[in-house]
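Only one structure is covered here, and it is reproduced in the block below.
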Amino acid sequence: MKSPWKVLKATPLFLLLLSHSLASAPYEDQPGASYSNGHNCAGCVVVVSVIEQLAEVHNSSVQVAMERLCSYLPEKLFLKTTCYFLVQMFGSDIIKLLGEAMNADVVCHALEFCKQDAVQSQCHLYPLPQEAWKSALEKARHILKRSSTTKYPRSGSNICSLPFLTKICQKIELSIKKAVPFKDVDSDKYSVFPTLRGYHWRGRDCNDNDKTVYPGRRPDNWDVHQDSNCNGIWGIDPKDGIPYEKKFCEGSQPRGIILLGDSAGAHFHIPPEWLTASQMSSKSFFNLPSALTDELNWPQLSGVTGFLDSTSGIEEKSIYHRLRKRNHCNHRDYQSISKNGASSRNLKNFIESLSRNQALDQPAIVIYAMIGNDVCNERADTVLEMTTPEQMYSNVMQTLKYLNSHLPNGSHVILYGLPDGTFLWDSLHDQYHPLGQLNKDVTYAHFFSFLSCLQISPCNGWMSSNKTLRTLTSQRAEQLSNTLKKIATTETFTNFHLFYMDFAFHEIIEEWRRRGGQPWQLIEPVDGFHPNEVASLLLADRVWKKIQLQWPHVLGKENPFNSQIEEVFGDQGGH
């Protein structure tokens with residue numbers, strides 16, 4: 001029997017991280033918003049929808065459907081036990097309400113997971129006539145008044161508001177906001193642990209007890225005695241007495257790749273099988289613990305710093321993968337300094353997690369890719385909350401000055417423009433969301449409207465039925481891109497060269513069409529907002545080819561000793 005305290009401790013972790021699955025994480029200046037109000041409501045509607053659809057798919061009772069869902073979840077992070085615990089808390093009332101043919105919207109409003117104010121009391125995912133909505137809510141509340149269930153507070157059903165869980169939730173929130181490894185013995189910002197900002201995000205440490213040993217540094221005494229830069233090349237060639245690092249890497253212009261990005265750069269991804277009852281099994285959730293402890297990001301598969309082969313089957317590789325192939329001395333030298341909700345405004349809150357020592361480390365290629373959140377927000381007055389060109393200039397200059405004081409001489413910085421996000425609505429609005437595919441009842445237009453009503457939309461400007469608003473958002477994005485372009489062409493820095501590149505998503509769409517695909521297949525199906533893995537790798541391919549064509553010196557030389565490195569050191573210790 002699991003300790004009840006451990007179960008309770010795990011419960012807010014599950015709910016807090018689950019909230020990030022419904023929209024990009026809130027802005028850094030909105031503490032606590034990630035697991036309150038609208039996120040609670042959306043989370044409840046998603047879970048109840050899955051339960052209802054599992055019962056339909058398997059022709060079972062709601063009770064059996066809830067137990068089936070719990071049985072699919074892994075034991076890690078107490079996810080399975082936490083699920084059964086939540087079923088014990090809320091299950092009987094959910095059974096009663098669904099038994100009365102009430103949908104997930106009504107259930108979650110009746111259980112008060114959805115905020116009961118003038119605006120959010122009207123928010124619903126599933127289409128429902130206004131009169132039927134009011135009538136169903138009144139009936140549901142009447143049923144709950146007769147309920148003898150008193151296992152949880154009816155008011156404000158935010159589990160993190162419970163006194164004995166408040167501090168735990170605060171610690172979890174703080175852990176999410178940190179952009180350095182949770183497990184880092186020598187405090188060098190590198191880890192031997194994959195998630196919680198470990199080596200999924202930056203190269204794996206090869207000695208976590210020595211802070212002078214980490215990926216990306218210049219070799220210490222040509223790594224005669226140990227691998228000081230974790231690229232797997234060290235020791236002395238017995239044939240001629242020359243250190244391998246000197247023989248294979250000297251003059252090869254090693255360099256790392258660093259991404260300053262948002263959730264798109266971190267590859268925010270929720271597998272659709274987590275929400276699709278007809279596809280759901282225990283295999284669907286095997287990667288849930290890893291995803292949760294990576295904040296529902298998959299940087300190991302991202303277009304910039306990904307080091308694993310694509311799961312999508314396309315041949316294109318990440319920029320890091322290509323940089324390593326070009327010069328094996330670059331092995332493990334990658335950093336994804338990216339966060340959900342990141343923008344030019346709040347990058348200053350976590351840029352210090354970047355690891356580069358001007359005196360000891362190799363130069364780096366830095367890609368600045370805040371592609372959405374300067375124009376995207378969840379506010380009803382979304383245009384007023386967008387970053388202005390003047391603010392953009394100030395924010396980016398502050399970032400560049402920081403980089404100039406930390407990057408080794410000979411580095412390069414590429415400013416990446418913002419996209420024209422009107423393709424989101426144009427491509428998706430009449431497609432069915434994963435939650436609506438079973439009964440053909442929820443399109444992305446419904447989904448976007450639901451998130452907007454709850455004020456948790458990752459981008460009210462582009463995920464809107466209002467064409468004028470979508471156009472205004474794209475116009476502001478173009479203004480901000482022009483600001484980045486102006487900075488790149490007029491500003492100079494001591495330790496790096498500065499470049500600008502357009503975010504030309506239309507070129508990616510055209511390429512995908514040539515391969516027989518459709519634009520909607522390039523967007524994350526669950527959130528309907530982020531570029532998916534295929535799109536990220538196609539974008540990486542475009543970036544690489546443009547650098548090769550226009551600024552080939554940025555990439556460094558091709559190492560003629562790559563084959564010899566493979567012969568002596570194999571996979572160089574892997575990733």
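Labeling convention for the structure tokens: chains A, B, ... as they appear, residues from 1 per chain, ligands from 1 in order of appearance.
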
Within 10 Å of region 224-242 of chain A: each region 264-369 of chain A residue with its shortest pair, only C-alpha atoms, as a Markdown table:
```
| residue | atom | partner | partner_atom | distance |
| --- | --- | --- | --- | --- |
| A:His328 | CA | A:Asn231 | CA | 7.9 |
| A:Cys329 | CA | A:Asn231 | CA | 6.2 |
| A:Asn330 | CA | A:Asn231 | CA | 6.8 |
| A:His331 | CA | A:Asn231 | CA | 4.8 |
| A:Arg332 | CA | A:Asn231 | CA | 6.1 |
| A:Asp333 | CA | A:Asn231 | CA | 7.8 |
| A:Asp361 | CA | A:Asn229 | CA | 9.0 |
| A:Gln362 | CA | A:Asn229 | CA | 9.8 |
```

Expected answer as a PyMOL selection string: helix (DSSP H, G or I) residues in region 205-422 of chain A: chain A and resi 220-223+244-249+272-274+277-279+282-285+288-292+299-301+319-326+328-330+347-349+351-353+382-385+389-404+422

### Message
List as a VMD selection string the protein and nucleic acid residues near region 338-343 of chain A, meaning an atom at most 10 Å away when only C-alpha atoms are counted, but skip any in the same chain fewer than 3 places from it.
### Response
chain A and resid 20 23 to 28 176 to 179 201 258 to 268 295 to 297 299 335 346 to 351 353 368 to 377 387 392 395 to 396 458

Write to file, as a compact mmCIF listing (two decimals), in the first residue's frame, the residues of the selection just made, with C-alpha atoms.
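File out.txt, as written:
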```txt
# COMPACT_ATOMS: atom_id res chain seq x y z
CA HIS A 20 0.57 22.85 -19.05
CA ALA A 23 -1.98 25.84 -23.37
CA SER A 24 1.47 27.31 -23.37
CA ALA A 25 2.53 27.99 -19.83
CA PRO A 26 1.45 31.39 -18.58
CA TYR A 27 3.77 34.32 -18.58
CA GLU A 28 6.46 34.44 -15.94
CA ILE A 176 9.33 24.23 -13.17
CA LYS A 177 10.54 27.82 -13.38
CA LYS A 178 14.17 26.83 -12.87
CA ALA A 179 15.99 26.26 -16.13
CA TRP A 201 18.13 19.96 -22.46
CA ILE A 258 22.53 27.13 -28.02
CA LEU A 259 18.83 27.88 -28.40
CA LEU A 260 17.19 30.80 -26.61
CA GLY A 261 13.60 29.83 -27.21
CA ASP A 262 10.03 29.31 -26.12
CA SER A 263 7.80 26.22 -26.02
CA ALA A 264 8.04 25.82 -29.81
CA GLY A 265 11.83 25.60 -29.59
CA ALA A 266 11.61 23.21 -26.65
CA HIS A 267 9.20 21.09 -28.74
CA PHE A 268 6.07 21.22 -26.60
CA GLU A 295 7.38 20.15 -18.58
CA LEU A 296 5.65 18.40 -21.50
CA ASN A 297 8.52 19.38 -23.78
CA PRO A 299 13.90 18.91 -26.46
CA GLN A 335 21.93 23.75 -24.78
CA ASN A 346 10.86 37.47 -19.65
CA LEU A 347 14.01 35.89 -21.10
CA LYS A 348 15.98 37.89 -18.54
CA ASN A 349 14.38 35.70 -15.85
CA PHE A 350 16.16 32.55 -16.99
CA ILE A 351 18.97 33.50 -19.37
CA SER A 353 20.89 29.33 -16.84
CA TYR A 368 17.36 33.51 -30.64
CA ALA A 369 13.87 32.19 -31.46
CA MET A 370 11.11 33.82 -29.42
CA ILE A 371 8.63 33.16 -32.19
CA GLY A 372 5.24 33.63 -30.56
CA ASN A 373 4.72 35.01 -27.10
CA ASP A 374 5.54 38.62 -27.89
CA VAL A 375 2.29 38.74 -29.87
CA CYS A 376 0.51 35.76 -28.29
CA ASN A 377 -1.29 35.98 -24.97
CA THR A 387 5.14 43.64 -27.19
CA MET A 392 11.24 44.54 -28.53
CA ASN A 395 14.48 43.65 -24.65
CA VAL A 396 16.61 42.14 -27.40
CA PRO A 458 -1.95 30.32 -25.94
```

Any idea what's packed within 12 Å of Gln279 (chain A), counting only C-alpha atoms, ignoring anything in its chain fewer than 4 positions away? Could you give it as a PDB file with all heavy atoms, in the first residue's frame?
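The resulting file, selection.pdb, is reproduced below:
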```pdb
ATOM      1  N   VAL A  50     -12.455  12.063 -21.682  1.00  0.00           N
ATOM      2  CA  VAL A  50     -11.756  10.803 -21.946  1.00  0.00           C
ATOM      3  C   VAL A  50     -12.482   9.649 -21.244  1.00  0.00           C
ATOM      4  O   VAL A  50     -12.662   8.569 -21.829  1.00  0.00           O
ATOM      5  CB  VAL A  50     -10.287  10.890 -21.485  1.00  0.00           C
ATOM      6  CG1 VAL A  50      -9.630   9.511 -21.504  1.00  0.00           C
ATOM      7  CG2 VAL A  50      -9.512  11.857 -22.381  1.00  0.00           C
ATOM      8  N   GLN A  53     -15.665   8.863 -23.155  1.00  0.00           N
ATOM      9  CA  GLN A  53     -15.407   8.224 -24.441  1.00  0.00           C
ATOM     10  C   GLN A  53     -14.852   6.811 -24.277  1.00  0.00           C
ATOM     11  O   GLN A  53     -15.127   5.932 -25.099  1.00  0.00           O
ATOM     12  CB  GLN A  53     -14.457   9.090 -25.271  1.00  0.00           C
ATOM     13  CG  GLN A  53     -15.107  10.395 -25.726  1.00  0.00           C
ATOM     14  CD  GLN A  53     -14.203  11.242 -26.602  1.00  0.00           C
ATOM     15  OE1 GLN A  53     -13.239  10.744 -27.183  1.00  0.00           O
ATOM     16  NE2 GLN A  53     -14.509  12.534 -26.704  1.00  0.00           N
ATOM     17  N   LEU A  54     -14.080   6.578 -23.214  1.00  0.00           N
ATOM     18  CA  LEU A  54     -13.620   5.211 -22.931  1.00  0.00           C
ATOM     19  C   LEU A  54     -14.808   4.292 -22.663  1.00  0.00           C
ATOM     20  O   LEU A  54     -14.839   3.139 -23.118  1.00  0.00           O
ATOM     21  CB  LEU A  54     -12.663   5.207 -21.730  1.00  0.00           C
ATOM     22  CG  LEU A  54     -11.203   5.561 -21.999  1.00  0.00           C
ATOM     23  CD1 LEU A  54     -10.434   5.694 -20.688  1.00  0.00           C
ATOM     24  CD2 LEU A  54     -10.536   4.504 -22.888  1.00  0.00           C
ATOM     25  N   VAL A  57     -16.409   3.652 -26.138  1.00  0.00           N
ATOM     26  CA  VAL A  57     -15.607   2.798 -27.020  1.00  0.00           C
ATOM     27  C   VAL A  57     -15.660   1.343 -26.578  1.00  0.00           C
ATOM     28  O   VAL A  57     -15.757   0.425 -27.401  1.00  0.00           O
ATOM     29  CB  VAL A  57     -14.149   3.293 -27.070  1.00  0.00           C
ATOM     30  CG1 VAL A  57     -13.232   2.250 -27.710  1.00  0.00           C
ATOM     31  CG2 VAL A  57     -14.061   4.610 -27.830  1.00  0.00           C
ATOM     32  N   HIS A  58     -15.592   1.125 -25.258  1.00  0.00           N
ATOM     33  CA  HIS A  58     -15.533  -0.244 -24.737  1.00  0.00           C
ATOM     34  C   HIS A  58     -16.897  -0.745 -24.258  1.00  0.00           C
ATOM     35  O   HIS A  58     -16.979  -1.844 -23.684  1.00  0.00           O
ATOM     36  CB  HIS A  58     -14.513  -0.314 -23.596  1.00  0.00           C
ATOM     37  CG  HIS A  58     -13.107  -0.038 -24.037  1.00  0.00           C
ATOM     38  ND1 HIS A  58     -12.333  -0.991 -24.658  1.00  0.00           N
ATOM     39  CD2 HIS A  58     -12.353   1.087 -23.973  1.00  0.00           C
ATOM     40  CE1 HIS A  58     -11.143  -0.466 -24.947  1.00  0.00           C
ATOM     41  NE2 HIS A  58     -11.125   0.794 -24.544  1.00  0.00           N
ATOM     42  N   TYR A  72      -4.131   2.199 -17.192  1.00  0.00           N
ATOM     43  CA  TYR A  72      -3.220   2.530 -18.281  1.00  0.00           C
ATOM     44  C   TYR A  72      -2.013   3.334 -17.807  1.00  0.00           C
ATOM     45  O   TYR A  72      -0.966   3.326 -18.456  1.00  0.00           O
ATOM     46  CB  TYR A  72      -3.943   3.351 -19.349  1.00  0.00           C
ATOM     47  CG  TYR A  72      -4.970   2.609 -20.170  1.00  0.00           C
ATOM     48  CD1 TYR A  72      -5.975   3.311 -20.851  1.00  0.00           C
ATOM     49  CD2 TYR A  72      -4.950   1.223 -20.297  1.00  0.00           C
ATOM     50  CE1 TYR A  72      -6.920   2.653 -21.621  1.00  0.00           C
ATOM     51  CE2 TYR A  72      -5.899   0.560 -21.052  1.00  0.00           C
ATOM     52  CZ  TYR A  72      -6.888   1.278 -21.714  1.00  0.00           C
ATOM     53  OH  TYR A  72      -7.825   0.626 -22.470  1.00  0.00           O
ATOM     54  N   PRO A 271       1.138  13.839 -26.855  1.00  0.00           N
ATOM     55  CA  PRO A 271       0.727  12.792 -27.791  1.00  0.00           C
ATOM     56  C   PRO A 271      -0.797  12.693 -27.869  1.00  0.00           C
ATOM     57  O   PRO A 271      -1.470  12.604 -26.832  1.00  0.00           O
ATOM     58  CB  PRO A 271       1.334  11.521 -27.183  1.00  0.00           C
ATOM     59  CG  PRO A 271       2.508  12.009 -26.391  1.00  0.00           C
ATOM     60  CD  PRO A 271       2.062  13.334 -25.828  1.00  0.00           C
ATOM     61  N   PRO A 272      -1.373  12.714 -29.054  1.00  0.00           N
ATOM     62  CA  PRO A 272      -2.838  12.663 -29.169  1.00  0.00           C
ATOM     63  C   PRO A 272      -3.443  11.387 -28.606  1.00  0.00           C
ATOM     64  O   PRO A 272      -4.608  11.388 -28.193  1.00  0.00           O
ATOM     65  CB  PRO A 272      -3.085  12.782 -30.686  1.00  0.00           C
ATOM     66  CG  PRO A 272      -1.784  12.449 -31.332  1.00  0.00           C
ATOM     67  CD  PRO A 272      -0.722  12.856 -30.369  1.00  0.00           C
ATOM     68  N   GLU A 273      -2.634  10.310 -28.546  1.00  0.00           N
ATOM     69  CA  GLU A 273      -3.180   9.071 -27.981  1.00  0.00           C
ATOM     70  C   GLU A 273      -3.459   9.201 -26.488  1.00  0.00           C
ATOM     71  O   GLU A 273      -4.158   8.362 -25.914  1.00  0.00           O
ATOM     72  CB  GLU A 273      -2.245   7.889 -28.243  1.00  0.00           C
ATOM     73  CG  GLU A 273      -0.827   8.057 -27.761  1.00  0.00           C
ATOM     74  CD  GLU A 273       0.101   8.619 -28.817  1.00  0.00           C
ATOM     75  OE1 GLU A 273      -0.392   9.330 -29.725  1.00  0.00           O
ATOM     76  OE2 GLU A 273       1.326   8.364 -28.733  1.00  0.00           O
ATOM     77  N   TRP A 274      -2.938  10.221 -25.827  1.00  0.00           N
ATOM     78  CA  TRP A 274      -3.280  10.460 -24.426  1.00  0.00           C
ATOM     79  C   TRP A 274      -4.744  10.895 -24.283  1.00  0.00           C
ATOM     80  O   TRP A 274      -5.321  10.791 -23.203  1.00  0.00           O
ATOM     81  CB  TRP A 274      -2.396  11.545 -23.823  1.00  0.00           C
ATOM     82  CG  TRP A 274      -0.973  11.154 -23.613  1.00  0.00           C
ATOM     83  CD1 TRP A 274      -0.370   9.972 -23.923  1.00  0.00           C
ATOM     84  CD2 TRP A 274       0.062  11.974 -23.052  1.00  0.00           C
ATOM     85  NE1 TRP A 274       0.959   9.997 -23.590  1.00  0.00           N
ATOM     86  CE2 TRP A 274       1.254  11.210 -23.054  1.00  0.00           C
ATOM     87  CE3 TRP A 274       0.085  13.278 -22.551  1.00  0.00           C
ATOM     88  CZ2 TRP A 274       2.458  11.718 -22.566  1.00  0.00           C
ATOM     89  CZ3 TRP A 274       1.284  13.783 -22.071  1.00  0.00           C
ATOM     90  CH2 TRP A 274       2.463  13.009 -22.074  1.00  0.00           C
ATOM     91  N   LEU A 275      -5.330  11.420 -25.354  1.00  0.00           N
ATOM     92  CA  LEU A 275      -6.691  11.937 -25.306  1.00  0.00           C
ATOM     93  C   LEU A 275      -7.668  11.164 -26.187  1.00  0.00           C
ATOM     94  O   LEU A 275      -8.863  11.427 -26.143  1.00  0.00           O
ATOM     95  CB  LEU A 275      -6.714  13.411 -25.756  1.00  0.00           C
ATOM     96  CG  LEU A 275      -6.443  14.495 -24.714  1.00  0.00           C
ATOM     97  CD1 LEU A 275      -5.003  14.435 -24.232  1.00  0.00           C
ATOM     98  CD2 LEU A 275      -6.715  15.866 -25.313  1.00  0.00           C
ATOM     99  N   LYS A 283       0.329   1.237 -23.381  1.00  0.00           N
ATOM    100  CA  LYS A 283       1.482   1.681 -24.160  1.00  0.00           C
ATOM    101  C   LYS A 283       1.422   3.180 -24.439  1.00  0.00           C
ATOM    102  O   LYS A 283       2.456   3.807 -24.671  1.00  0.00           O
ATOM    103  CB  LYS A 283       1.549   0.905 -25.475  1.00  0.00           C
ATOM    104  CG  LYS A 283       1.850  -0.582 -25.317  1.00  0.00           C
ATOM    105  CD  LYS A 283       1.913  -1.276 -26.677  1.00  0.00           C
ATOM    106  CE  LYS A 283       2.210  -2.756 -26.515  1.00  0.00           C
ATOM    107  NZ  LYS A 283       2.238  -3.450 -27.841  1.00  0.00           N
ATOM    108  N   SER A 284       0.214   3.739 -24.451  1.00  0.00           N
ATOM    109  CA  SER A 284       0.055   5.158 -24.775  1.00  0.00           C
ATOM    110  C   SER A 284       0.771   6.060 -23.785  1.00  0.00           C
ATOM    111  O   SER A 284       1.221   7.148 -24.139  1.00  0.00           O
ATOM    112  CB  SER A 284      -1.436   5.533 -24.811  1.00  0.00           C
ATOM    113  OG  SER A 284      -2.152   4.725 -25.701  1.00  0.00           O
ATOM    114  N   PHE A 285       0.880   5.606 -22.536  1.00  0.00           N
ATOM    115  CA  PHE A 285       1.364   6.481 -21.470  1.00  0.00           C
ATOM    116  C   PHE A 285       2.747   6.115 -20.942  1.00  0.00           C
ATOM    117  O   PHE A 285       3.159   6.635 -19.907  1.00  0.00           O
ATOM    118  CB  PHE A 285       0.366   6.468 -20.303  1.00  0.00           C
ATOM    119  CG  PHE A 285      -0.982   7.043 -20.639  1.00  0.00           C
ATOM    120  CD1 PHE A 285      -2.031   6.218 -20.988  1.00  0.00           C
ATOM    121  CD2 PHE A 285      -1.192   8.413 -20.625  1.00  0.00           C
ATOM    122  CE1 PHE A 285      -3.283   6.744 -21.306  1.00  0.00           C
ATOM    123  CE2 PHE A 285      -2.427   8.946 -20.936  1.00  0.00           C
ATOM    124  CZ  PHE A 285      -3.477   8.111 -21.282  1.00  0.00           C
ATOM    125  N   PRO A 434      -8.764  16.044 -31.455  1.00  0.00           N
ATOM    126  CA  PRO A 434      -8.768  14.654 -30.964  1.00  0.00           C
ATOM    127  C   PRO A 434      -9.934  14.328 -30.044  1.00  0.00           C
ATOM    128  O   PRO A 434     -10.458  13.203 -30.087  1.00  0.00           O
ATOM    129  CB  PRO A 434      -7.424  14.563 -30.231  1.00  0.00           C
ATOM    130  CG  PRO A 434      -6.529  15.490 -30.988  1.00  0.00           C
ATOM    131  CD  PRO A 434      -7.406  16.641 -31.396  1.00  0.00           C
ATOM    132  N   LEU A 435     -10.378  15.274 -29.242  1.00  0.00           N
ATOM    133  CA  LEU A 435     -11.514  15.016 -28.357  1.00  0.00           C
ATOM    134  C   LEU A 435     -12.829  14.935 -29.123  1.00  0.00           C
ATOM    135  O   LEU A 435     -13.825  14.428 -28.594  1.00  0.00           O
ATOM    136  CB  LEU A 435     -11.617  16.107 -27.284  1.00  0.00           C
ATOM    137  CG  LEU A 435     -10.566  16.071 -26.180  1.00  0.00           C
ATOM    138  CD1 LEU A 435     -10.703  17.288 -25.280  1.00  0.00           C
ATOM    139  CD2 LEU A 435     -10.671  14.795 -25.349  1.00  0.00           C
ATOM    140  N   GLN A 437     -13.072  13.650 -32.397  1.00  0.00           N
ATOM    141  CA  GLN A 437     -13.007  12.730 -33.532  1.00  0.00           C
ATOM    142  C   GLN A 437     -13.969  11.549 -33.392  1.00  0.00           C
ATOM    143  O   GLN A 437     -14.520  11.067 -34.382  1.00  0.00           O
ATOM    144  CB  GLN A 437     -11.570  12.236 -33.713  1.00  0.00           C
ATOM    145  CG  GLN A 437     -10.641  13.311 -34.260  1.00  0.00           C
ATOM    146  CD  GLN A 437      -9.189  12.875 -34.322  1.00  0.00           C
ATOM    147  OE1 GLN A 437      -8.858  11.741 -33.987  1.00  0.00           O
ATOM    148  NE2 GLN A 437      -8.315  13.777 -34.742  1.00  0.00           N
ATOM    149  N   LEU A 438     -14.209  11.093 -32.171  1.00  0.00           N
ATOM    150  CA  LEU A 438     -15.066   9.921 -31.974  1.00  0.00           C
ATOM    151  C   LEU A 438     -16.499  10.210 -32.395  1.00  0.00           C
ATOM    152  O   LEU A 438     -17.113   9.421 -33.126  1.00  0.00           O
ATOM    153  CB  LEU A 438     -15.027   9.478 -30.504  1.00  0.00           C
ATOM    154  CG  LEU A 438     -15.864   8.243 -30.154  1.00  0.00           C
ATOM    155  CD1 LEU A 438     -15.330   7.005 -30.883  1.00  0.00           C
ATOM    156  CD2 LEU A 438     -15.851   8.005 -28.638  1.00  0.00           C
TER     157      LEU A 438
END
```

Can you list, as a ChimeraX atom specification, every protein, DNA or RNA residue that comes within 8 Å of Lys317 (chain A) when you count only C-alpha atoms, leaving out same-chain residues fewer than 2 positions away? /A:303,309-310,315,319,321-322,537,540-541

- Query: Leaving out Leu97 (chain A) and any residue of its chain fewer than 3 positions from it, which residues lie within 9 Å of it when counting only C-alpha atoms, given as a ChimeraX atom specification?
  - Reply: /A:92-94,100-103,106-107,110,140,143-144

* Could you name the residues that touch region 553-557 of chain A at 9 Å or less, counting only C-alpha atoms, but leaving out those on the same chain fewer than 3 positions away, as a list in words? -> Gly251, Ser252, Gln253, Pro254, Arg255, Leu323, Arg326, Asn327, Ile365, Ser411, His412, His497, Trp544, Ile547, Gln548, Gln550 and Pro560 of chain A

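Distance check against Ala291 (chain A) using only C-alpha atoms: of A:Pro194, A:Leu451, A:Val47, A:Ile257, the minimum falls on A:Pro194.
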
- Query: So, counting only C-alpha atoms, which residue among A:Ser481, A:Leu522, A:Val568, A:Glu245 is closest to Thr388 (chain A)?
  - Reply: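 Residue with the minimum atom-to-atom distance to Thr388 (chain A): A:Ser481.
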
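Distances to Trp462 (chain A) were evaluated for A:Pro363, A:Gly528, A:Pro519, A:Gly436 using only C-alpha atoms, and the minimum falls at A:Gly528.
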
Closest of A:Phe503, A:Tyr334, A:Trp520, A:Tyr432 to Asp420 (chain A), counting only C-alpha atoms, is A:Phe503

CA of Tyr214 (chain A) to CA of Glu533 (chain A) measures 28.4 Å

Rounded to one decimal in Å, what is the spacing between CA of Gly313 (chain A) and CA of Leu428 (chain A)?
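Interatomic distance, CA of Gly313 (chain A) to CA of Leu428 (chain A): 23.0 Å.
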
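One distance worth recording is that between CA of Asp294 (chain A) and CA of Phe90 (chain A), which is 28.0 Å.
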
Among A:Val185, A:Leu549, A:Val304, A:Cys206, Ser536 (chain A) is approached most closely, using only C-alpha atoms, by A:Val304
